[in-house]
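Student: Below you will find the structure I want to go over with you.
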There are 2 protein chains.
Amino acid sequence: MPEGERITKRGAIRQENEARILAAAEKVFAEAGFGGATMQLIADMAGLPKANLHYYFPTKEELYRKVVRQIFEIWLHAADSFDEAPGPVEAIGAYVDAKMEISRSHPFGSKVWASEVMHGAPVIQDYLETTLREWTAGRARLIQKWVDEGKMAPIDPHHLLYMLWATTQHYADFGHQIETLNGGRPLSDRQWKAAKETVKSIILRGIGAI
Amino acid sequence: MPEGERITKRGAIRQENEARILAAAEKVFAEAGFGGATMQLIADMAGLPKANLHYYFPTKEELYRKVVRQIFEIWLHAADSFDEAPGPVEAIGAYVDAKMEISRSHPFGSKVWASEVMHGAPVIQDYLETTLREWTAGRARLIQKWVDEGKMAPIDPHHLLYMLWATTQHYADFGHQIETLNGGRPLSDRQWKAAKETVKSIILRGIGAI
DNA sequence: GTCTATACAGAGATAGAC
DNA sequence: GTCTATCTCTGTATAGAC
(Lines give C-alpha, C1' and ligand atoms only; values in the text may rest on other atoms or scores of the structure.)
Protein backbone atom coordinates (compact mmCIF):
# COMPACT_ATOMS: atom_id res chain seq x y z
CA MET A 1 0.00 0.00 0.00
CA PRO A 2 2.24 2.75 -1.29
CA GLU A 3 -0.55 5.24 -0.78
CA GLY A 4 -0.32 4.70 2.95
CA GLU A 5 3.38 5.34 3.05
CA ARG A 6 3.05 8.57 1.14
CA ILE A 7 0.40 9.76 3.51
CA THR A 8 2.56 8.83 6.46
CA LYS A 9 5.55 10.69 5.07
CA ARG A 10 3.45 13.71 4.24
CA GLY A 11 1.93 13.59 7.67
CA ALA A 12 5.37 13.46 9.26
CA ILE A 13 6.49 16.63 7.50
CA ARG A 14 3.28 18.34 8.43
CA GLN A 15 3.58 17.29 12.05
CA GLU A 16 7.20 18.42 12.22
CA ASN A 17 6.49 21.81 10.68
CA GLU A 18 3.35 22.45 12.70
CA ALA A 19 5.27 21.68 15.88
CA ARG A 20 8.08 24.07 14.93
CA ILE A 21 5.59 26.79 14.11
CA LEU A 22 3.61 26.30 17.32
CA ALA A 23 6.76 26.44 19.45
CA ALA A 24 7.94 29.60 17.74
CA ALA A 25 4.49 31.14 17.94
CA GLU A 26 4.22 30.44 21.66
CA LYS A 27 7.46 32.30 22.27
CA VAL A 28 6.65 35.26 20.03
CA PHE A 29 3.08 35.66 21.30
CA ALA A 30 4.39 35.55 24.88
CA GLU A 31 7.09 38.14 24.29
CA ALA A 32 5.20 40.54 22.03
CA GLY A 33 1.53 39.89 22.71
CA PHE A 34 -0.99 39.01 20.01
CA GLY A 35 -0.97 42.46 18.47
CA GLY A 36 2.77 42.88 18.68
CA ALA A 37 3.57 39.47 17.21
CA THR A 38 4.07 39.32 13.46
CA MET A 39 3.84 36.32 11.18
CA GLN A 40 7.25 37.32 9.84
CA LEU A 41 8.83 37.07 13.30
CA ILE A 42 7.25 33.68 13.94
CA ALA A 43 8.33 32.44 10.52
CA ASP A 44 11.92 33.57 11.06
CA MET A 45 12.06 31.88 14.45
CA ALA A 46 10.60 28.69 13.02
CA GLY A 47 13.05 28.82 10.11
CA LEU A 48 10.33 28.79 7.47
CA PRO A 49 9.12 31.26 4.84
CA LYS A 50 6.23 33.39 5.97
CA ALA A 51 3.88 31.96 3.37
CA ASN A 52 4.28 28.49 4.85
CA LEU A 53 2.69 29.63 8.08
CA HIS A 54 -0.37 30.65 6.12
CA TYR A 55 -0.33 27.25 4.46
CA TYR A 56 -0.50 25.37 7.80
CA PHE A 57 -2.51 27.95 9.72
CA PRO A 58 -4.82 30.02 7.49
CA THR A 59 -4.84 33.06 9.73
CA LYS A 60 -2.82 34.55 12.56
CA GLU A 61 -5.82 34.15 14.84
CA GLU A 62 -6.12 30.44 14.06
CA LEU A 63 -2.47 29.93 14.96
CA TYR A 64 -2.94 31.86 18.18
CA ARG A 65 -6.00 29.83 19.05
CA LYS A 66 -4.02 26.59 18.77
CA VAL A 67 -1.30 27.95 21.03
CA VAL A 68 -3.79 28.94 23.72
CA ARG A 69 -5.57 25.59 23.61
CA GLN A 70 -2.28 23.73 23.91
CA ILE A 71 -1.51 25.56 27.15
CA PHE A 72 -4.95 25.01 28.53
CA GLU A 73 -4.50 21.25 28.15
CA ILE A 74 -1.25 21.34 30.09
CA TRP A 75 -2.93 23.22 32.96
CA LEU A 76 -5.67 20.62 33.15
CA HIS A 77 -3.34 17.61 33.35
CA ALA A 78 -1.41 19.27 36.17
CA ALA A 79 -4.41 18.76 38.40
CA ASP A 80 -4.64 14.99 38.06
CA SER A 81 -2.85 14.65 41.39
CA PHE A 82 -5.68 16.49 43.05
CA ASP A 83 -8.18 13.67 42.79
CA GLU A 84 -5.99 10.76 43.80
CA ALA A 85 -4.86 12.28 47.09
CA PRO A 86 -6.37 11.34 50.48
CA GLY A 87 -6.41 14.91 51.81
CA PRO A 88 -5.42 18.52 51.36
CA VAL A 89 -1.78 18.13 52.33
CA GLU A 90 -1.01 15.61 49.62
CA ALA A 91 -3.35 17.09 47.02
CA ILE A 92 -2.37 20.72 47.35
CA GLY A 93 1.28 19.88 47.88
CA ALA A 94 1.40 17.87 44.66
CA TYR A 95 -0.63 20.47 42.78
CA VAL A 96 1.71 23.29 43.79
CA ASP A 97 4.71 21.17 42.81
CA ALA A 98 3.20 20.41 39.43
CA LYS A 99 2.17 23.99 38.72
CA MET A 100 5.57 25.34 39.77
CA GLU A 101 7.26 22.86 37.45
CA ILE A 102 5.08 24.04 34.59
CA SER A 103 5.87 27.67 35.39
CA ARG A 104 9.51 26.78 35.05
CA SER A 105 9.27 24.61 31.94
CA HIS A 106 6.51 26.47 30.07
CA PRO A 107 6.91 30.14 30.95
CA PHE A 108 5.85 31.27 27.48
CA GLY A 109 2.66 29.29 27.57
CA SER A 110 1.76 30.71 30.94
CA LYS A 111 2.27 34.24 29.65
CA VAL A 112 0.15 33.66 26.57
CA TRP A 113 -2.61 32.35 28.79
CA ALA A 114 -2.33 35.30 31.16
CA SER A 115 -2.44 37.73 28.26
CA GLU A 116 -5.46 36.01 26.77
CA VAL A 117 -7.40 36.17 30.03
CA MET A 118 -6.34 39.77 30.72
CA HIS A 119 -7.73 40.81 27.35
CA GLY A 120 -11.09 39.29 28.17
CA ALA A 121 -10.49 35.78 26.79
CA PRO A 122 -11.60 36.60 23.23
CA VAL A 123 -10.74 33.14 21.88
CA ILE A 124 -10.97 30.90 24.94
CA GLN A 125 -14.14 32.20 26.57
CA ASP A 126 -16.15 29.09 25.72
CA TYR A 127 -13.55 26.90 27.47
CA LEU A 128 -13.70 29.09 30.54
CA GLU A 129 -17.46 28.70 30.68
CA THR A 130 -17.46 24.93 30.18
CA THR A 131 -14.28 22.99 30.93
CA LEU A 132 -12.74 25.36 33.45
CA ARG A 133 -16.03 26.01 35.21
CA GLU A 134 -16.63 22.27 35.66
CA TRP A 135 -13.06 21.63 36.73
CA THR A 136 -13.28 24.39 39.31
CA ALA A 137 -16.65 23.30 40.65
CA GLY A 138 -15.35 19.75 41.11
CA ARG A 139 -12.23 20.82 42.98
CA ALA A 140 -14.20 23.29 45.07
CA ARG A 141 -16.53 20.48 46.17
CA LEU A 142 -13.53 18.36 47.12
CA ILE A 143 -12.03 21.17 49.20
CA GLN A 144 -15.38 21.79 50.87
CA LYS A 145 -15.51 18.10 51.78
CA TRP A 146 -12.11 18.39 53.46
CA VAL A 147 -13.40 21.37 55.40
CA ASP A 148 -16.48 19.46 56.48
CA GLU A 149 -14.31 16.53 57.56
CA GLY A 150 -12.18 18.85 59.66
CA LYS A 151 -9.06 18.24 57.60
CA MET A 152 -8.51 21.98 57.16
CA ALA A 153 -9.85 25.30 58.38
CA PRO A 154 -13.11 26.68 56.91
CA ILE A 155 -11.63 28.44 53.89
CA ASP A 156 -13.66 29.53 50.85
CA PRO A 157 -12.60 26.97 48.22
CA HIS A 158 -12.70 29.41 45.30
CA HIS A 159 -10.43 31.96 46.90
CA LEU A 160 -8.02 29.17 47.83
CA LEU A 161 -7.92 28.03 44.21
CA TYR A 162 -7.31 31.58 42.98
CA MET A 163 -4.47 31.83 45.45
CA LEU A 164 -2.91 28.61 44.17
CA TRP A 165 -3.14 29.78 40.56
CA ALA A 166 -1.86 33.26 41.37
CA THR A 167 1.17 32.23 43.38
CA THR A 168 2.37 29.46 41.08
CA GLN A 169 1.81 31.28 37.79
CA HIS A 170 3.43 34.42 39.15
CA TYR A 171 6.82 32.71 38.87
CA ALA A 172 6.29 32.39 35.12
CA ASP A 173 4.30 35.52 34.30
CA PHE A 174 6.43 37.87 36.41
CA GLY A 175 9.61 35.87 35.92
CA HIS A 176 11.36 38.86 34.43
CA GLN A 177 10.67 40.97 37.51
CA ILE A 178 11.80 38.17 39.83
CA GLU A 179 14.95 37.73 37.78
CA THR A 180 15.69 41.46 37.99
CA LEU A 181 15.24 41.43 41.76
CA ASN A 182 17.50 38.38 41.88
CA GLY A 183 20.40 40.42 40.57
CA GLY A 184 19.56 39.80 36.93
CA ARG A 185 20.06 36.05 37.23
CA PRO A 186 17.35 33.41 36.74
CA LEU A 187 16.42 31.49 39.87
CA SER A 188 18.83 28.62 40.54
CA ASP A 189 17.70 25.06 41.23
CA ARG A 190 18.06 25.79 44.93
CA GLN A 191 16.00 28.95 44.68
CA TRP A 192 13.24 27.20 42.76
CA LYS A 193 13.15 24.52 45.42
CA ALA A 194 12.96 27.19 48.12
CA ALA A 195 10.14 28.92 46.24
CA LYS A 196 8.15 25.70 46.04
CA GLU A 197 8.68 24.89 49.70
CA THR A 198 7.81 28.41 50.82
CA VAL A 199 4.60 28.50 48.81
CA LYS A 200 3.54 25.05 50.00
CA SER A 201 4.42 25.75 53.61
CA ILE A 202 2.61 29.10 53.81
CA ILE A 203 -0.53 27.83 52.13
CA LEU A 204 -0.77 24.47 53.91
CA ARG A 205 -0.12 26.10 57.27
CA GLY A 206 -2.39 28.98 56.31
CA ILE A 207 -5.38 26.73 55.69
CA GLY A 208 -4.73 24.80 58.88
CA ALA A 209 -3.86 21.55 57.15
CA ILE A 210 -0.53 21.15 58.93
CA MET B 1 0.24 89.91 34.65
CA PRO B 2 -2.03 88.83 31.75
CA GLU B 3 0.72 86.51 30.61
CA GLY B 4 0.23 84.47 33.76
CA GLU B 5 -3.49 84.11 33.23
CA ARG B 6 -3.05 82.96 29.68
CA ILE B 7 -0.53 80.40 30.76
CA THR B 8 -2.86 79.20 33.48
CA LYS B 9 -5.75 78.87 31.08
CA ARG B 10 -3.63 77.08 28.52
CA GLY B 11 -2.29 74.87 31.28
CA ALA B 12 -5.80 73.97 32.39
CA ILE B 13 -6.84 72.83 28.92
CA ARG B 14 -3.65 70.88 28.59
CA GLN B 15 -4.10 69.22 31.96
CA GLU B 16 -7.69 68.32 31.21
CA ASN B 17 -6.88 66.85 27.82
CA GLU B 18 -3.82 64.97 29.00
CA ALA B 19 -5.85 63.42 31.81
CA ARG B 20 -8.60 62.34 29.41
CA ILE B 21 -6.05 60.84 27.06
CA LEU B 22 -4.19 59.03 29.83
CA ALA B 23 -7.38 57.51 31.22
CA ALA B 24 -8.47 56.33 27.78
CA ALA B 25 -5.00 55.01 27.01
CA GLU B 26 -4.86 53.02 30.23
CA LYS B 27 -8.09 51.28 29.34
CA VAL B 28 -7.18 50.59 25.72
CA PHE B 29 -3.65 49.40 26.49
CA ALA B 30 -5.07 47.09 29.17
CA GLU B 31 -7.70 45.61 26.89
CA ALA B 32 -5.72 45.33 23.67
CA GLY B 33 -2.07 45.30 24.72
CA PHE B 34 0.50 47.75 23.42
CA GLY B 35 0.60 46.24 19.95
CA GLY B 36 -3.15 45.82 19.70
CA ALA B 37 -3.93 49.33 20.86
CA THR B 38 -4.30 51.99 18.18
CA MET B 39 -4.07 55.74 18.53
CA GLN B 40 -7.43 55.92 16.77
CA LEU B 41 -9.11 53.79 19.44
CA ILE B 42 -7.61 55.86 22.24
CA ALA B 43 -8.60 59.09 20.52
CA ASP B 44 -12.19 57.91 20.03
CA MET B 45 -12.46 56.88 23.67
CA ALA B 46 -11.00 60.20 24.81
CA GLY B 47 -13.36 62.08 22.50
CA LEU B 48 -10.56 63.86 20.65
CA PRO B 49 -9.24 63.80 17.09
CA LYS B 50 -6.38 61.41 16.58
CA ALA B 51 -3.95 64.19 15.71
CA ASN B 52 -4.43 65.77 19.11
CA LEU B 53 -2.93 62.75 20.79
CA HIS B 54 0.21 63.27 18.76
CA TYR B 55 0.16 66.89 19.83
CA TYR B 56 0.20 66.07 23.54
CA PHE B 57 2.18 62.83 23.29
CA PRO B 58 4.60 62.79 20.35
CA THR B 59 4.58 59.02 19.93
CA LYS B 60 2.49 56.04 20.97
CA GLU B 61 5.42 54.76 23.00
CA GLU B 62 5.71 58.03 24.95
CA LEU B 63 2.02 57.85 25.84
CA TYR B 64 2.41 54.24 26.93
CA ARG B 65 5.44 55.14 29.04
CA LYS B 66 3.42 57.74 30.93
CA VAL B 67 0.65 55.24 31.62
CA VAL B 68 3.06 52.67 33.01
CA ARG B 69 4.83 55.18 35.24
CA GLN B 70 1.50 56.40 36.62
CA ILE B 71 0.66 52.89 37.75
CA PHE B 72 4.05 52.30 39.23
CA GLU B 73 3.60 55.35 41.49
CA ILE B 74 0.29 54.00 42.76
CA TRP B 75 1.91 50.65 43.66
CA LEU B 76 4.61 52.41 45.63
CA HIS B 77 2.27 54.52 47.74
CA ALA B 78 0.27 51.42 48.65
CA ALA B 79 3.20 50.24 50.74
CA ASP B 80 3.42 53.25 53.04
CA SER B 81 1.52 51.30 55.67
CA PHE B 82 4.31 48.78 55.73
CA ASP B 83 6.80 51.01 57.52
CA GLU B 84 4.55 52.51 60.16
CA ALA B 85 3.37 49.19 61.54
CA PRO B 86 4.76 47.59 64.70
CA GLY B 87 4.80 44.05 63.31
CA PRO B 88 3.84 41.69 60.49
CA VAL B 89 0.17 41.37 61.39
CA GLU B 90 -0.53 45.07 61.06
CA ALA B 91 1.90 45.71 58.20
CA ILE B 92 0.95 42.81 55.96
CA GLY B 93 -2.72 43.13 56.83
CA ALA B 94 -2.79 46.76 55.80
CA TYR B 95 -0.68 46.09 52.71
CA VAL B 96 -3.01 43.35 51.50
CA ASP B 97 -6.00 45.62 52.12
CA ALA B 98 -4.40 48.44 50.18
CA LYS B 99 -3.33 46.25 47.25
CA MET B 100 -6.73 44.60 47.04
CA GLU B 101 -8.39 48.01 46.96
CA ILE B 102 -6.13 49.03 44.10
CA SER B 103 -6.90 45.81 42.23
CA ARG B 104 -10.54 46.76 42.48
CA SER B 105 -10.23 50.46 41.66
CA HIS B 106 -7.42 50.31 39.09
CA PRO B 107 -7.79 47.01 37.25
CA PHE B 108 -6.63 48.51 33.95
CA GLY B 109 -3.45 49.88 35.44
CA SER B 110 -2.64 46.53 37.00
CA LYS B 111 -3.09 44.81 33.65
CA VAL B 112 -0.90 47.28 31.82
CA TRP B 113 1.79 46.73 34.43
CA ALA B 114 1.49 42.95 34.19
CA SER B 115 1.70 43.12 30.42
CA GLU B 116 4.74 45.37 30.56
CA VAL B 117 6.59 43.02 32.92
CA MET B 118 5.55 39.91 30.97
CA HIS B 119 7.06 41.39 27.84
CA GLY B 120 10.39 41.94 29.55
CA ALA B 121 9.75 45.46 30.88
CA PRO B 122 10.98 47.25 27.73
CA VAL B 123 10.11 50.73 29.02
CA ILE B 124 10.22 50.32 32.81
CA GLN B 125 13.35 48.23 33.23
CA ASP B 126 15.36 51.10 34.77
CA TYR B 127 12.68 51.56 37.44
CA LEU B 128 12.80 47.85 38.23
CA GLU B 129 16.54 48.02 38.72
CA THR B 130 16.52 51.14 40.87
CA THR B 131 13.31 52.09 42.66
CA LEU B 132 11.71 48.65 42.88
CA ARG B 133 14.96 46.95 43.84
CA GLU B 134 15.52 49.40 46.70
CA TRP B 135 11.91 49.18 47.82
CA THR B 136 12.10 45.40 47.87
CA ALA B 137 15.41 45.28 49.69
CA GLY B 138 14.07 47.61 52.38
CA ARG B 139 10.91 45.60 52.96
CA ALA B 140 12.85 42.33 52.91
CA ARG B 141 15.11 43.65 55.67
CA LEU B 142 12.07 44.59 57.72
CA ILE B 143 10.55 41.14 57.29
CA GLN B 144 13.85 39.51 58.21
CA LYS B 145 13.93 41.63 61.36
CA TRP B 146 10.50 40.32 62.34
CA VAL B 147 11.76 36.79 61.78
CA ASP B 148 14.80 37.44 63.95
CA GLU B 149 12.57 38.90 66.66
CA GLY B 150 10.40 35.81 66.62
CA LYS B 151 7.32 37.66 65.40
CA MET B 152 6.84 35.21 62.55
CA ALA B 153 8.16 31.90 61.23
CA PRO B 154 11.46 31.85 59.31
CA ILE B 155 10.09 32.60 55.84
CA ASP B 156 12.22 33.82 52.92
CA PRO B 157 11.18 37.51 52.67
CA HIS B 158 11.41 37.67 48.89
CA HIS B 159 9.12 34.72 48.28
CA LEU B 160 6.66 36.17 50.78
CA LEU B 161 6.64 39.47 48.88
CA TYR B 162 6.11 37.68 45.56
CA MET B 163 3.19 35.85 47.13
CA LEU B 164 1.64 39.11 48.31
CA TRP B 165 1.99 40.67 44.87
CA ALA B 166 0.71 37.59 43.09
CA THR B 167 -2.39 37.02 45.19
CA THR B 168 -3.53 40.64 45.31
CA GLN B 169 -2.87 41.51 41.68
CA HIS B 170 -4.50 38.28 40.53
CA TYR B 171 -7.90 39.75 41.38
CA ALA B 172 -7.27 42.53 38.84
CA ASP B 173 -5.23 40.76 36.18
CA PHE B 174 -7.39 37.62 36.09
CA GLY B 175 -10.56 39.46 36.98
CA HIS B 176 -12.26 38.27 33.83
CA GLN B 177 -11.62 34.63 34.70
CA ILE B 178 -12.84 35.15 38.26
CA GLU B 179 -15.94 36.89 36.95
CA THR B 180 -16.65 34.02 34.58
CA LEU B 181 -16.29 31.48 37.40
CA ASN B 182 -18.61 33.66 39.47
CA GLY B 183 -21.44 33.08 37.03
CA GLY B 184 -20.49 36.00 34.79
CA ARG B 185 -21.03 38.56 37.55
CA PRO B 186 -18.34 40.80 39.05
CA LEU B 187 -17.53 40.09 42.68
CA SER B 188 -19.97 41.79 45.04
CA ASP B 189 -18.90 43.93 47.98
CA ARG B 190 -19.35 40.93 50.20
CA GLN B 191 -17.25 38.72 47.95
CA TRP B 192 -14.47 41.29 47.77
CA LYS B 193 -14.46 41.46 51.53
CA ALA B 194 -14.33 37.67 51.75
CA ALA B 195 -11.44 37.63 49.27
CA LYS B 196 -9.48 40.13 51.35
CA GLU B 197 -10.12 38.27 54.58
CA THR B 198 -9.25 34.90 53.07
CA VAL B 199 -5.98 36.15 51.61
CA LYS B 200 -4.98 37.88 54.84
CA SER B 201 -5.97 34.96 57.00
CA ILE B 202 -4.12 32.32 54.95
CA ILE B 203 -0.95 34.36 54.66
CA LEU B 204 -0.80 35.64 58.24
CA ARG B 205 -1.53 32.18 59.60
CA GLY B 206 0.81 30.68 57.01
CA ILE B 207 3.78 32.72 58.16
CA GLY B 208 3.04 32.00 61.80
CA ALA B 209 2.17 35.58 62.68
CA ILE B 210 -1.22 34.71 64.18
C1' DG C 1 -4.52 75.52 20.22
C1' DT C 2 -7.37 72.39 17.02
C1' DC C 3 -8.51 69.54 13.15
C1' DT C 4 -8.54 67.68 8.02
C1' DA C 5 -6.05 65.43 4.68
C1' DT C 6 -2.29 62.72 3.52
C1' DA C 7 2.38 60.64 3.31
C1' DC C 8 4.80 56.58 4.46
C1' DA C 9 5.75 52.11 6.49
C1' DG C 10 4.58 47.64 7.83
C1' DA C 11 1.59 43.72 8.37
C1' DG C 12 -1.65 39.98 6.94
C1' DA C 13 -2.84 37.42 3.28
C1' DT C 14 -2.71 35.36 -1.52
C1' DA C 15 -1.50 34.21 -6.47
C1' DG C 16 1.05 31.52 -9.08
C1' DA C 17 5.65 29.56 -10.44
C1' DC C 18 8.44 25.61 -9.17
C1' DG D 1 4.33 20.54 -0.72
C1' DT D 2 7.25 24.91 -0.98
C1' DC D 3 8.56 29.61 -1.90
C1' DT D 4 8.81 34.39 -4.39
C1' DA D 5 6.52 38.36 -5.49
C1' DT D 6 2.80 41.19 -4.68
C1' DC D 7 -1.72 43.06 -3.33
C1' DT D 8 -4.32 45.47 0.02
C1' DC D 9 -5.32 47.45 4.19
C1' DT D 10 -4.40 49.59 8.48
C1' DG D 11 -1.73 52.29 11.52
C1' DT D 12 1.65 55.86 12.93
C1' DA D 13 2.93 60.21 12.19
C1' DT D 14 2.96 64.85 10.04
C1' DA D 15 1.94 68.97 7.11
C1' DG D 16 -0.68 72.73 6.79
C1' DA D 17 -5.30 75.12 6.93
C1' DC D 18 -8.19 77.33 10.34
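So you can find residues: chains in the C-alpha coordinates are A, B, ... in the order shown, residues in each start at 1, and ligands are numbered from 1 in order.
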When you get a sec, could you note down which chain A residues fall within 8 Å of chain C, using only C-alpha atoms (C1' of nucleotides), as a ChimeraX atom specification?

Tutor: /A:38-39,54,60

Student: Using the chain letters and numbers from this document, which residues of chain B does DSSP assign to alpha helix (DSSP H), as number ranges by chain?

Tutor: B: 2-36, 39-46, 50-56, 60-77, 80-84, 88-105, 107-118, 125-127, 133-148, 157-173, 175-181, 189-206

Student: Please report as JSON, numbers by chain which residues of chain A come no farther than 8 Å from chain D, using only C-alpha atoms (C1' of nucleotides).

Tutor: {"A": [49, 51, 52]}

Student: Which is closest to chain A among B:Pro58, B:Pro122, B:Gly87, B:Gly206, if we use only C-alpha atoms?

Tutor: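 Going through B:Pro58, B:Pro122, B:Gly87, B:Gly206 one by one, the smallest distance to chain A is for B:Gly206.
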
Student: Residues of chain B that have any atom at most 6 Å from an atom of chain A: could you tabulate them with the shortest-distance atom pair and the distance in Å to one decimal, using only C-alpha atoms, ordered by chain and increasing number, as a tab-separated table?

Tutor:
residue	atom	partner	partner_atom	distance
B:Glu31	CA	A:His119	CA	4.8
B:Gly35	CA	A:Gly36	CA	4.2
B:Gly36	CA	A:Gly35	CA	4.2
B:Met118	CA	A:Asp173	CA	5.7
B:His119	CA	A:Glu31	CA	4.8
B:Gly120	CA	A:His176	CA	5.9
B:Arg133	CA	A:Leu181	CA	5.9
B:Met163	CA	A:Thr167	CA	5.6
B:Ala166	CA	A:Ala166	CA	5.3
B:Thr167	CA	A:Ala166	CA	5.4
B:His170	CA	A:Ala166	CA	5.7
B:Asp173	CA	A:Met118	CA	5.7
B:Phe174	CA	A:Met118	CA	5.9
B:His176	CA	A:Gly120	CA	5.9
B:Leu181	CA	A:Arg133	CA	5.9
B:Ile202	CA	A:Gly206	CA	4.0
B:Ile203	CA	A:Gly206	CA	5.8
B:Arg205	CA	A:Gly206	CA	4.7
B:Gly206	CA	A:Gly206	CA	3.7
B:Ile207	CA	A:Ile202	CA	5.8
